[in-house]
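*Asks:* Next comes work.pdb, PDB, C-alpha atoms:
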```pdb
ATOM      1  CA  MET A   1      13.691  13.918   7.917
ATOM      2  CA  MET A   2      13.870  16.386  10.762
ATOM      3  CA  GLU A   3      14.745  19.091   8.275
ATOM      4  CA  ALA A   4      11.731  18.269   6.107
ATOM      5  CA  ALA A   5       9.462  18.273   9.131
ATOM      6  CA  GLY A   6      10.764  21.691  10.088
ATOM      7  CA  GLU A   7       9.521  23.108   6.804
ATOM      8  CA  VAL A   8       5.971  22.082   7.545
ATOM      9  CA  THR A   9       3.872  24.719   9.182
ATOM     10  CA  PHE A  10       0.783  22.934  10.378
ATOM     11  CA  PHE A  11       0.341  20.682  13.389
ATOM     12  CA  PHE A  12      -0.452  17.443  11.637
ATOM     13  CA  SER A  13       2.891  17.170   9.905
ATOM     14  CA  LEU A  14       4.694  17.717  13.183
ATOM     15  CA  ILE A  15       2.839  14.781  14.713
ATOM     16  CA  ILE A  16       3.527  12.525  11.733
ATOM     17  CA  SER A  17       7.197  13.428  11.391
ATOM     18  CA  THR A  18       7.766  13.024  15.127
ATOM     19  CA  GLY A  19       6.263   9.554  15.035
ATOM     20  CA  LEU A  20       8.311   8.489  12.027
ATOM     21  CA  TRP A  21      11.479   9.983  13.471
ATOM     22  CA  THR A  22      10.915   7.968  16.638
ATOM     23  CA  ALA A  23      10.439   4.900  14.499
ATOM     24  CA  LEU A  24      13.785   5.509  12.829
ATOM     25  CA  GLN A  25      15.496   5.831  16.192
ATOM     26  CA  LEU A  26      13.936   2.654  17.570
ATOM     27  CA  CYS A  27      14.216   0.396  14.528
ATOM     28  CA  TYR A  28      16.249  -2.777  14.436
ATOM     29  CA  THR A  29      18.566  -2.856  11.476
ATOM     30  CA  PRO A  30      20.971  -5.949  10.534
ATOM     31  CA  GLY A  31     -18.514  -2.717 -10.834
ATOM     32  CA  GLN A  32     -20.140  -2.724  -7.251
ATOM     33  CA  GLU A  33     -20.824  -5.921  -5.379
ATOM     34  CA  SER A  34     -23.766  -6.304  -3.078
ATOM     35  CA  THR A  35     -23.393  -8.289   0.132
ATOM     36  CA  ASP A  36     -22.258 -11.632   1.474
ATOM     37  CA  GLU A  37     -23.824 -13.878  -1.177
ATOM     38  CA  ARG A  38     -21.401 -12.484  -3.793
ATOM     39  CA  THR A  39     -18.303 -12.591  -1.626
ATOM     40  CA  SER A  40     -17.101 -15.997  -2.838
ATOM     41  CA  ALA A  41     -17.428 -15.041  -6.496
ATOM     42  CA  ALA A  42     -15.523 -11.827  -5.889
ATOM     43  CA  LEU A  43     -12.738 -13.626  -4.091
ATOM     44  CA  LYS A  44     -12.362 -16.144  -6.898
ATOM     45  CA  GLN A  45     -11.790 -13.543  -9.608
ATOM     46  CA  LYS A  46      -8.091 -14.203  -9.253
ATOM     47  CA  SER A  47      -5.660 -16.073  -7.067
ATOM     48  CA  VAL A  48      -5.415 -14.664  -3.549
ATOM     49  CA  VAL A  49      -1.719 -15.560  -3.378
ATOM     50  CA  ASP A  50       0.734 -13.508  -5.456
ATOM     51  CA  THR A  51       4.263 -14.937  -5.682
ATOM     52  CA  ARG A  52       5.635 -11.570  -6.876
ATOM     53  CA  LEU A  53       5.337 -10.288  -3.319
ATOM     54  CA  ARG A  54       8.687 -11.794  -2.461
ATOM     55  CA  ASP A  55      10.450  -8.903  -4.178
ATOM     56  CA  LYS A  56       8.833  -6.139  -2.124
ATOM     57  CA  ARG A  57      11.088  -4.144   0.217
ATOM     58  CA  LEU A  58       8.521  -2.097   2.180
ATOM     59  CA  VAL A  59       5.819  -3.884   4.162
ATOM     60  CA  PHE A  60       3.167  -1.703   5.791
ATOM     61  CA  TYR A  61       1.293  -3.106   8.796
ATOM     62  CA  ASN A  62      -1.492  -0.550   9.376
ATOM     63  CA  ARG A  63      -2.518  -2.284  12.547
ATOM     64  CA  VAL A  64      -6.056  -2.356  13.881
ATOM     65  CA  PRO A  65      -6.152  -1.729  17.663
ATOM     66  CA  LYS A  66      -7.029  -4.633  19.964
ATOM     67  CA  CYS A  67      -6.409  -7.238  17.275
ATOM     68  CA  GLY A  68      -3.218  -8.817  18.581
ATOM     69  CA  SER A  69      -1.038  -5.915  17.450
ATOM     70  CA  THR A  70       1.032  -5.796  20.655
ATOM     71  CA  SER A  71       1.928  -9.467  20.316
ATOM     72  CA  MET A  72       2.649  -8.943  16.636
ATOM     73  CA  LYS A  73       5.001  -6.045  17.373
ATOM     74  CA  ILE A  74       6.900  -8.100  19.954
ATOM     75  CA  LEU A  75       7.312 -10.844  17.379
ATOM     76  CA  LEU A  76       8.474  -8.403  14.689
ATOM     77  CA  ARG A  77      11.061  -6.851  17.003
ATOM     78  CA  THR A  78      12.453 -10.310  17.671
ATOM     79  CA  ILE A  79      12.676 -11.586  14.105
ATOM     80  CA  ALA A  80      14.075  -8.247  12.891
ATOM     81  CA  LYS A  81      17.075  -8.774  15.180
ATOM     82  CA  ASN A  82      17.960 -11.951  13.320
ATOM     83  CA  LYS A  83      17.267 -10.836   9.755
ATOM     84  CA  TYR A  84      18.507  -8.180   7.389
ATOM     85  CA  PHE A  85      15.622  -5.751   7.590
ATOM     86  CA  ALA A  86      14.486  -2.891   9.812
ATOM     87  CA  PHE A  87      11.339  -2.753  11.893
ATOM     88  CA  HIS A  88      10.038   0.797  12.222
ATOM     89  CA  GLU A  89       7.523   1.434  14.987
ATOM     90  CA  ASP A  90       5.461   4.614  14.863
ATOM     91  CA  LYS A  91       4.800   6.049  18.309
ATOM     92  CA  VAL A  92       1.813   8.220  17.379
ATOM     93  CA  TYR A  93      -1.261   6.228  18.387
ATOM     94  CA  VAL A  94      -4.036   8.640  17.406
ATOM     95  CA  THR A  95      -6.253   7.215  14.670
ATOM     96  CA  GLU A  96      -7.724  10.021  12.573
ATOM     97  CA  THR A  97      -8.997  10.739   9.083
ATOM     98  CA  PHE A  98      -6.575  12.953   7.123
ATOM     99  CA  GLU A  99      -6.887  15.215   4.104
ATOM    100  CA  ASP A 100      -4.882  14.879   0.895
ATOM    101  CA  ASP A 101      -2.360  17.601   1.724
ATOM    102  CA  GLU A 102      -1.595  15.887   5.020
ATOM    103  CA  LEU A 103      -1.330  12.481   3.346
ATOM    104  CA  GLN A 104       1.084  13.901   0.756
ATOM    105  CA  ILE A 105       3.487  14.807   3.551
ATOM    106  CA  TYR A 106       2.944  11.510   5.296
ATOM    107  CA  THR A 107       3.623   9.322   2.241
ATOM    108  CA  ASP A 108       6.800  11.274   1.517
ATOM    109  CA  LEU A 109       8.036  10.644   5.057
ATOM    110  CA  VAL A 110       7.229   6.934   4.882
ATOM    111  CA  TYR A 111       9.336   6.578   1.747
ATOM    112  CA  ARG A 112      12.318   8.077   3.550
ATOM    113  CA  LEU A 113      12.484   5.061   5.850
ATOM    114  CA  SER A 114      15.413   2.720   5.329
ATOM    115  CA  THR A 115      14.531  -0.470   3.456
ATOM    116  CA  PRO A 116      14.041  -3.402   3.416
ATOM    117  CA  CYS A 117      11.694  -2.846   6.325
ATOM    118  CA  ILE A 118       8.391  -3.510   7.994
ATOM    119  CA  TYR A 119       6.680  -0.316   9.126
ATOM    120  CA  GLU A 120       3.764  -0.320  11.561
ATOM    121  CA  LYS A 121       1.300   2.450  12.320
ATOM    122  CA  GLN A 122      -2.260   2.655  13.613
ATOM    123  CA  ILE A 123      -3.739   4.385  10.561
ATOM    124  CA  PHE A 124      -6.484   3.897   7.994
ATOM    125  CA  PHE A 125      -5.497   2.564   4.559
ATOM    126  CA  VAL A 126      -3.512   4.988   2.394
ATOM    127  CA  ASP A 127      -3.275   4.708  -1.395
ATOM    128  CA  PHE A 128       0.335   5.789  -1.942
ATOM    129  CA  ARG A 129      -0.085   5.810  -5.733
ATOM    130  CA  ARG A 130      -2.280   8.908  -5.517
ATOM    131  CA  PHE A 131       0.711  10.807  -4.127
ATOM    132  CA  GLY A 132       3.314   9.636  -6.616
ATOM    133  CA  PHE A 133       4.733   6.639  -4.766
ATOM    134  CA  GLN A 134       4.759   2.903  -5.325
ATOM    135  CA  GLN A 135       2.221   1.088  -3.193
ATOM    136  CA  PRO A 136       3.842  -0.688  -0.224
ATOM    137  CA  LEU A 137       2.956  -4.273   0.529
ATOM    138  CA  TYR A 138       0.119  -4.214   3.063
ATOM    139  CA  ILE A 139      -0.549  -6.790   5.772
ATOM    140  CA  ASN A 140      -2.948  -6.739   8.696
ATOM    141  CA  LEU A 141      -4.569  -8.794  11.435
ATOM    142  CA  VAL A 142      -8.203  -8.579  12.564
ATOM    143  CA  ARG A 143     -10.540 -10.295  14.987
ATOM    144  CA  ASP A 144     -14.255 -10.813  15.504
ATOM    145  CA  PRO A 145     -15.669  -7.239  15.648
ATOM    146  CA  LEU A 146     -17.643  -7.772  18.838
ATOM    147  CA  GLU A 147     -14.703  -9.406  20.614
ATOM    148  CA  ARG A 148     -12.512  -6.495  19.545
ATOM    149  CA  ARG A 149     -15.032  -3.979  20.833
ATOM    150  CA  VAL A 150     -15.423  -5.702  24.214
ATOM    151  CA  SER A 151     -11.665  -6.010  24.622
ATOM    152  CA  TRP A 152     -11.188  -2.318  23.801
ATOM    153  CA  TYR A 153     -13.969  -1.287  26.204
ATOM    154  CA  TYR A 154     -12.334  -2.911  29.222
ATOM    155  CA  TYR A 155      -8.792  -2.089  28.090
ATOM    156  CA  ILE A 156      -9.370   1.682  28.162
ATOM    157  CA  ARG A 157     -10.596   1.291  31.733
ATOM    158  CA  PHE A 158      -8.262  -1.268  33.258
ATOM    159  CA  GLY A 159      -5.468  -2.009  30.773
ATOM    160  CA  ARG A 160      -3.946  -5.452  30.460
ATOM    161  CA  VAL A 161      -1.909  -7.678  32.774
ATOM    162  CA  GLY A 162       1.393  -6.405  31.388
ATOM    163  CA  GLN A 163       0.378  -2.735  31.201
ATOM    164  CA  ARG A 164      -2.103  -0.766  33.268
ATOM    165  CA  ALA A 165      -4.498   1.591  31.527
ATOM    166  CA  ILE A 166      -3.596   5.218  30.874
ATOM    167  CA  PRO A 167      -5.557   7.329  33.416
ATOM    168  CA  ARG A 168      -8.773   8.705  31.893
ATOM    169  CA  ASN A 169     -11.442  11.062  33.152
ATOM    170  CA  PHE A 170     -13.961   8.349  33.925
ATOM    171  CA  SER A 171     -16.251   8.737  36.903
ATOM    172  CA  GLN A 172     -16.372   5.841  39.335
ATOM    173  CA  GLN A 173     -19.722   4.867  37.888
ATOM    174  CA  LYS A 174     -18.303   4.820  34.347
ATOM    175  CA  MET A 175     -15.255   2.859  35.461
ATOM    176  CA  THR A 176     -17.356   0.076  36.963
ATOM    177  CA  GLN A 177     -20.016   0.036  34.249
ATOM    178  CA  THR A 178     -20.147  -3.311  32.443
ATOM    179  CA  PHE A 179     -20.216  -3.631  28.679
ATOM    180  CA  ASP A 180     -23.818  -4.835  28.887
ATOM    181  CA  GLU A 181     -24.795  -1.692  30.797
ATOM    182  CA  CYS A 182     -22.952   0.456  28.283
ATOM    183  CA  VAL A 183     -24.865  -1.098  25.378
ATOM    184  CA  LEU A 184     -28.241  -0.687  27.057
ATOM    185  CA  SER A 185     -27.410   2.960  27.805
ATOM    186  CA  ASN A 186     -26.211   3.461  24.220
ATOM    187  CA  ASP A 187     -23.089   5.221  25.484
ATOM    188  CA  TRP A 188     -20.514   6.340  22.925
ATOM    189  CA  GLU A 189     -18.208   3.384  23.589
ATOM    190  CA  CYS A 190     -20.944   0.960  22.545
ATOM    191  CA  ASP A 191     -23.143   2.767  20.030
ATOM    192  CA  ALA A 192     -23.383   2.240  16.289
ATOM    193  CA  GLU A 193     -22.516   5.760  15.097
ATOM    194  CA  GLY A 194     -19.496   6.844  17.157
ATOM    195  CA  LYS A 195     -15.828   6.632  16.210
ATOM    196  CA  GLU A 196     -15.775   2.944  17.163
ATOM    197  CA  GLY A 197     -18.985   2.259  15.244
ATOM    198  CA  PHE A 198     -17.481   0.821  12.044
ATOM    199  CA  LEU A 199     -13.795   1.078  12.837
ATOM    200  CA  LEU A 200     -12.769  -2.147  11.097
ATOM    201  CA  THR A 201     -14.354  -0.971   7.861
ATOM    202  CA  LYS A 202     -12.578   2.397   8.062
ATOM    203  CA  PHE A 203      -9.171   0.781   8.527
ATOM    204  CA  PHE A 204      -9.488  -0.850   5.107
ATOM    205  CA  CYS A 205     -11.607   1.794   3.376
ATOM    206  CA  GLY A 206      -9.238   4.722   3.966
ATOM    207  CA  HIS A 207      -9.529   8.504   4.261
ATOM    208  CA  ASP A 208     -11.861   9.433   1.413
ATOM    209  CA  GLN A 209     -15.250  11.000   2.052
ATOM    210  CA  ILE A 210     -16.943   7.709   1.235
ATOM    211  CA  CYS A 211     -15.156   6.132   4.218
ATOM    212  CA  ARG A 212     -16.180   8.669   6.831
ATOM    213  CA  GLN A 213     -19.783   7.594   7.393
ATOM    214  CA  PRO A 214     -21.232   4.092   7.796
ATOM    215  CA  SER A 215     -22.503   2.823   4.433
ATOM    216  CA  GLN A 216     -22.509  -0.194   2.157
ATOM    217  CA  MET A 217     -20.312   1.781  -0.237
ATOM    218  CA  ALA A 218     -17.644   2.051   2.470
ATOM    219  CA  VAL A 219     -17.800  -1.716   2.963
ATOM    220  CA  GLU A 220     -17.351  -2.372  -0.763
ATOM    221  CA  ARG A 221     -14.413   0.057  -0.935
ATOM    222  CA  ALA A 222     -12.798  -1.746   2.003
ATOM    223  CA  LYS A 223     -13.221  -5.116   0.276
ATOM    224  CA  GLU A 224     -11.763  -3.780  -2.955
ATOM    225  CA  ASN A 225      -8.719  -2.383  -1.153
ATOM    226  CA  ILE A 226      -8.155  -5.718   0.578
ATOM    227  CA  ARG A 227      -8.354  -7.567  -2.761
ATOM    228  CA  ARG A 228      -6.004  -5.194  -4.536
ATOM    229  CA  HIS A 229      -3.460  -4.102  -1.940
ATOM    230  CA  TYR A 230      -3.184  -6.571   0.952
ATOM    231  CA  ALA A 231      -0.918  -9.574   0.642
ATOM    232  CA  VAL A 232      -2.311 -11.174   3.790
ATOM    233  CA  VAL A 233      -4.991 -10.183   6.270
ATOM    234  CA  GLY A 234      -5.158 -12.797   8.998
ATOM    235  CA  VAL A 235      -7.640 -13.426  11.768
ATOM    236  CA  LEU A 236      -6.496 -13.423  15.382
ATOM    237  CA  GLU A 237      -8.505 -16.555  16.100
ATOM    238  CA  GLU A 238      -6.103 -18.380  13.743
ATOM    239  CA  PHE A 239      -2.885 -16.583  14.628
ATOM    240  CA  SER A 240      -0.646 -19.617  14.132
ATOM    241  CA  SER A 241      -1.975 -20.081  10.593
ATOM    242  CA  PHE A 242      -1.485 -16.377   9.941
ATOM    243  CA  LEU A 243       2.227 -16.745  10.675
ATOM    244  CA  LYS A 244       2.457 -19.830   8.465
ATOM    245  CA  VAL A 245       0.913 -17.947   5.540
ATOM    246  CA  LEU A 246       3.287 -15.024   6.044
ATOM    247  CA  GLU A 247       6.255 -17.391   6.061
ATOM    248  CA  VAL A 248       5.280 -18.751   2.640
ATOM    249  CA  VAL A 249       4.145 -15.525   0.992
ATOM    250  CA  MET A 250       6.957 -13.285   2.320
ATOM    251  CA  PRO A 251       9.853 -15.493   3.440
ATOM    252  CA  GLN A 252      12.281 -12.587   3.092
ATOM    253  CA  PHE A 253      10.696 -11.139   6.232
ATOM    254  CA  PHE A 254       8.869 -13.958   7.997
ATOM    255  CA  ARG A 255      10.881 -17.144   7.567
ATOM    256  CA  GLY A 256      10.949 -18.844  10.974
ATOM    257  CA  ALA A 257       8.214 -16.626  12.460
ATOM    258  CA  GLN A 258       6.176 -19.560  13.718
ATOM    259  CA  ASP A 259       9.125 -21.098  15.576
ATOM    260  CA  THR A 260      10.094 -17.713  16.987
ATOM    261  CA  TRP A 261       6.543 -17.184  18.252
ATOM    262  CA  GLN A 262       6.553 -20.563  19.988
ATOM    263  CA  ASP A 263       9.914 -19.790  21.614
ATOM    264  CA  LEU A 264       8.640 -16.443  22.867
ATOM    265  CA  ASN A 265       5.633 -18.083  24.476
ATOM    266  CA  GLN A 266       7.785 -20.708  26.157
ATOM    267  CA  GLN A 267      10.325 -18.215  27.482
ATOM    268  CA  THR A 268       7.998 -15.388  28.585
ATOM    269  CA  ASN A 269       4.511 -14.643  29.900
ATOM    270  CA  LEU A 270       3.651 -13.027  26.569
ATOM    271  CA  LEU A 271       0.094 -14.314  26.203
ATOM    272  CA  GLU A 272      -0.802 -13.743  29.837
ATOM    273  CA  ASP A 273       0.614 -10.206  29.725
ATOM    274  CA  GLN A 274      -1.739  -9.322  26.842
ATOM    275  CA  ARG A 275      -4.889 -10.421  28.681
ATOM    276  CA  THR A 276      -7.315  -7.552  29.320
ATOM    277  CA  ILE A 277      -8.046  -6.997  33.011
ATOM    278  CA  ASN A 278     -11.551  -7.299  34.507
ATOM    279  CA  ARG A 279     -13.125  -8.280  31.211
ATOM    280  CA  SER A 280     -16.670  -9.601  31.489
ATOM    281  CA  PRO A 281     -18.244 -11.395  28.501
ATOM    282  CA  PRO A 282     -21.457  -9.886  27.097
ATOM    283  CA  SER A 283     -24.772 -11.644  27.555
ATOM    284  CA  PRO A 284     -26.569 -13.347  24.632
ATOM    285  CA  ARG A 285     -29.011 -10.448  24.446
ATOM    286  CA  ILE A 286     -26.194  -7.895  24.192
ATOM    287  CA  ARG A 287     -24.395 -10.007  21.598
ATOM    288  CA  LYS A 288     -27.474  -9.899  19.402
ATOM    289  CA  ILE A 289     -27.796  -6.109  19.770
ATOM    290  CA  MET A 290     -24.125  -5.506  19.027
ATOM    291  CA  ARG A 291     -24.031  -7.788  16.016
ATOM    292  CA  GLU A 292     -26.693  -5.581  14.486
ATOM    293  CA  ARG A 293     -24.777  -2.415  15.404
ATOM    294  CA  LEU A 294     -21.596  -3.872  13.944
ATOM    295  CA  LYS A 295     -23.197  -5.335  10.813
ATOM    296  CA  LEU A 296     -20.941  -3.390   8.421
ATOM    297  CA  ASP A 297     -17.768  -4.488  10.195
ATOM    298  CA  TYR A 298     -18.998  -8.074  10.169
ATOM    299  CA  GLN A 299     -19.334  -7.964   6.380
ATOM    300  CA  VAL A 300     -15.686  -6.923   6.123
ATOM    301  CA  TYR A 301     -14.601  -9.446   8.759
ATOM    302  CA  TYR A 302     -16.352 -12.371   7.032
ATOM    303  CA  PHE A 303     -14.849 -11.295   3.702
ATOM    304  CA  ILE A 304     -11.371 -11.242   5.254
ATOM    305  CA  ARG A 305     -11.863 -14.600   6.930
ATOM    306  CA  GLU A 306     -13.030 -16.309   3.751
ATOM    307  CA  ARG A 307     -10.154 -14.816   1.753
ATOM    308  CA  PHE A 308      -7.693 -15.958   4.411
ATOM    309  CA  HIS A 309      -9.120 -19.478   4.362
ATOM    310  CA  MET A 310      -8.752 -19.556   0.577
ATOM    311  CA  GLN A 311      -5.098 -18.553   0.925
ATOM    312  CA  LYS A 312      -4.549 -21.381   3.390
ATOM    313  CA  VAL A 313      -6.101 -23.870   0.955
ATOM    314  CA  GLN A 314      -4.024 -22.600  -1.975
ATOM    315  CA  LEU A 315      -0.850 -22.873   0.101
ATOM    316  CA  GLY A 316      -1.737 -26.227   1.646
ATOM    317  CA  ILE A 317      -1.644 -24.826   5.178
ATOM    318  CA  LYS A 318      -3.615 -26.548   7.908
ATOM    319  CA  ASP A 319      -4.280 -25.442  11.489
TER     320      ASP A 319
END
```
For the file at hand, write its structure as structure tokens.
*Replies:*
Amino acid sequence: MMEAAGEVTFFFSLIISTGLWTALQLCYTPGQESTDERTSAALKQKSVVDTRLRDKRLVFYNRVPKCGSTSMKILLRTIAKNKYFAFHEDKVYVTETFEDDELQIYTDLVYRLSTPCIYEKQIFFVDFRRFGFQQPLYINLVRDPLERRVSWYYYIRFGRVGQRAIPRNFSQQKMTQTFDECVLSNDWECDAEGKEGFLLTKFFCGHDQICRQPSQMAVERAKENIRRHYAVVGVLEEFSSFLKVLEVVMPQFFRGAQDTWQDLNQQTNLLEDQRTINRSPPSPRIRKIMRERLKLDYQVYYFIRERFHMQKVQLGIKD
């Protein structure tokens, strides 16, 4: 891998290869739809549980930030120690849109990872088939878009209990500004058009031009990718059920995950350590404003939640 990275001349490939190399070093080895009224019909086109997934050897968790991903990574490290698969963690945390030549290099590097494995990276959806590779088995975890945005806003300022924030060039006024004040000022952290504006949609839409600007077409592409390529997309508000679904759908990786999660919580301060510091809930007025600003992400979120609930029903899983 290092040799292949050395042949690449532009900066992107160096970043990608470095992240994947770090993952290798740290691994543990033993027709268009409209809107919400048609969501149910679209979901019911076919079963949302595919038993063939049990044969897959590469699981790709393209994690969405501030959606329980730190807790999920801690869990994956633990279960990987006791099972015969590797968990590869990518240490490059920049989320960007990439061009096809960059994605060609990236997909090649991913398929050099040892398998069976679960690989995690903070990256928008990638269609590996376009670059000559078999599609990995995708999973993900999301949360209410406004709750994610609020959590991220305070996290970049203060961090969480178990990890202080990385120092940023915020003025004292910006550091102490509440989320409500940010929304009313239409600052970049809280607006509708910035890089956080429809982030959830972009994570499932991908890198194509259609995914780079807020639009209904981007939402529909995200939904289609979820239908076609994601085995399970859970919701953080139902994390325990998410683990139960994973155990049934992919027992080769997740058998015993629920029990392991309960043990971790009993033995450590895991949940408390993930709590964002100095978080203040938004007012009803701000919630209304932000729900309008995040309307595209909410379409994707509601689609995911309904699909997840259908999986639970099909598998007989209850909260």
*Asks:* Evaluate the PyMOL selection byres ((chain A and resi 146) around 9) on the structure here and hand back the selected residues as an MDAnalysis selection string.
*Replies:* chainID A and resid 143:145 147:151 287 290:291 294 298
*Asks:* From the set A:Ile156, A:Ala222, A:Val59, A:Cys182, which residue has the shortest atom-to-atom contact distance to Leu246 in chain A, counting all atoms listed in the file?
*Replies:*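 Ranking A:Ile156, A:Ala222, A:Val59, A:Cys182 by distance to Leu246 in chain A, first place goes to A:Val59.
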*Asks:* Could you state which residues are captured by the PyMOL selection byres ((chain A and resi 119) around 8) in this file, as a list in words?
*Replies:*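 Taken over the shown coordinates, the PyMOL selection byres ((chain A and resi 119) around 8) returns Leu58, Val59, Phe60, Tyr61, Phe87, His88, Glu89, Asp90, Cys117, Ile118, Glu120 and Lys121 of chain A.
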*Asks:* Check the smallest atom-to-atom distance from each of A:Phe124, A:Phe308, A:Tyr153, A:Tyr230 to Phe203 in chain A using all atoms listed in the file, then report the winner.
*Replies:* A:Phe124
*Asks:* List the neighbours of Phe133 in chain A out to 8 Å using all atoms listed in the file; skip same-chain residues closer than 3 positions along the sequence, and give me the result as a PyMOL selection string.
*Replies:* chain A and resi 107+111+128-130
*Asks:* Please evaluate the PyMOL selection byres ((chain A and resi 205) around 8) against the structure above and give the resulting residues as a ChimeraX atom specification.
*Replies:* /A:124-125,201-204,206-208,211,218-219,221-223,225
*Asks:* Using only C-alpha atoms, which of the listed residues (A:Phe179, A:Tyr84, A:Trp152, A:Phe170) sits closest to Ile289 in chain A?
*Replies:*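 Among A:Phe179, A:Tyr84, A:Trp152, A:Phe170, it is A:Phe179 that comes nearest to Ile289 in chain A.
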*Asks:* Could you jot down the CA of Gln252 in chain A to CA of Ala231 in chain A separation for me, Å, one decimal place?
*Replies:*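 CA of Gln252 in chain A sits 13.8 Å away from CA of Ala231 in chain A.
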*Asks:* Can you tell me how far CA of Gln173 in chain A sits from CA of Arg157 in chain A, in Å to one decimal?
*Replies:*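 Answer for the CA of Gln173 in chain A to CA of Arg157 in chain A separation: 11.6 Å.
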*Asks:* Quick one: of A:Leu113, A:Met175, A:Val249, A:Ala80, who's nearest to Ile139 in chain A, counting all atoms listed in the file?
*Replies:* A:Val249
*Asks:* What's the separation between CA of Ser114 in chain A and CA of Arg227 in chain A, in Å to one decimal place?
*Replies:*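 A separation of 27.1 Å between them.
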*Asks:* Select, from A:Glu96, A:Glu292, A:Glu189, A:Asp108, the residue with the minimum atom-to-atom distance to Phe131 in chain A, counting only C-alpha atoms.
*Replies:*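 Distance minimum relative to Phe131 in chain A lands on A:Asp108.
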*Asks:* A:Leu184, A:Ala86, A:Ile304, A:Val248: which is nearest Arg285 in chain A, counting only C-alpha atoms?
*Replies:*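 Checking each of A:Leu184, A:Ala86, A:Ile304, A:Val248 against Arg285 in chain A, counting only C-alpha atoms, the winner is A:Leu184.
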*Asks:* Mind checking which residues fall within 12 Å of Ser241 in chain A, counting all atoms listed in the file, ignoring those fewer than 4 positions away in the same chain, and posting them as a ChimeraX atom specification?
*Replies:* /A:141,232-237,245-248,257-258,261,305,308-309,311-313,315-319
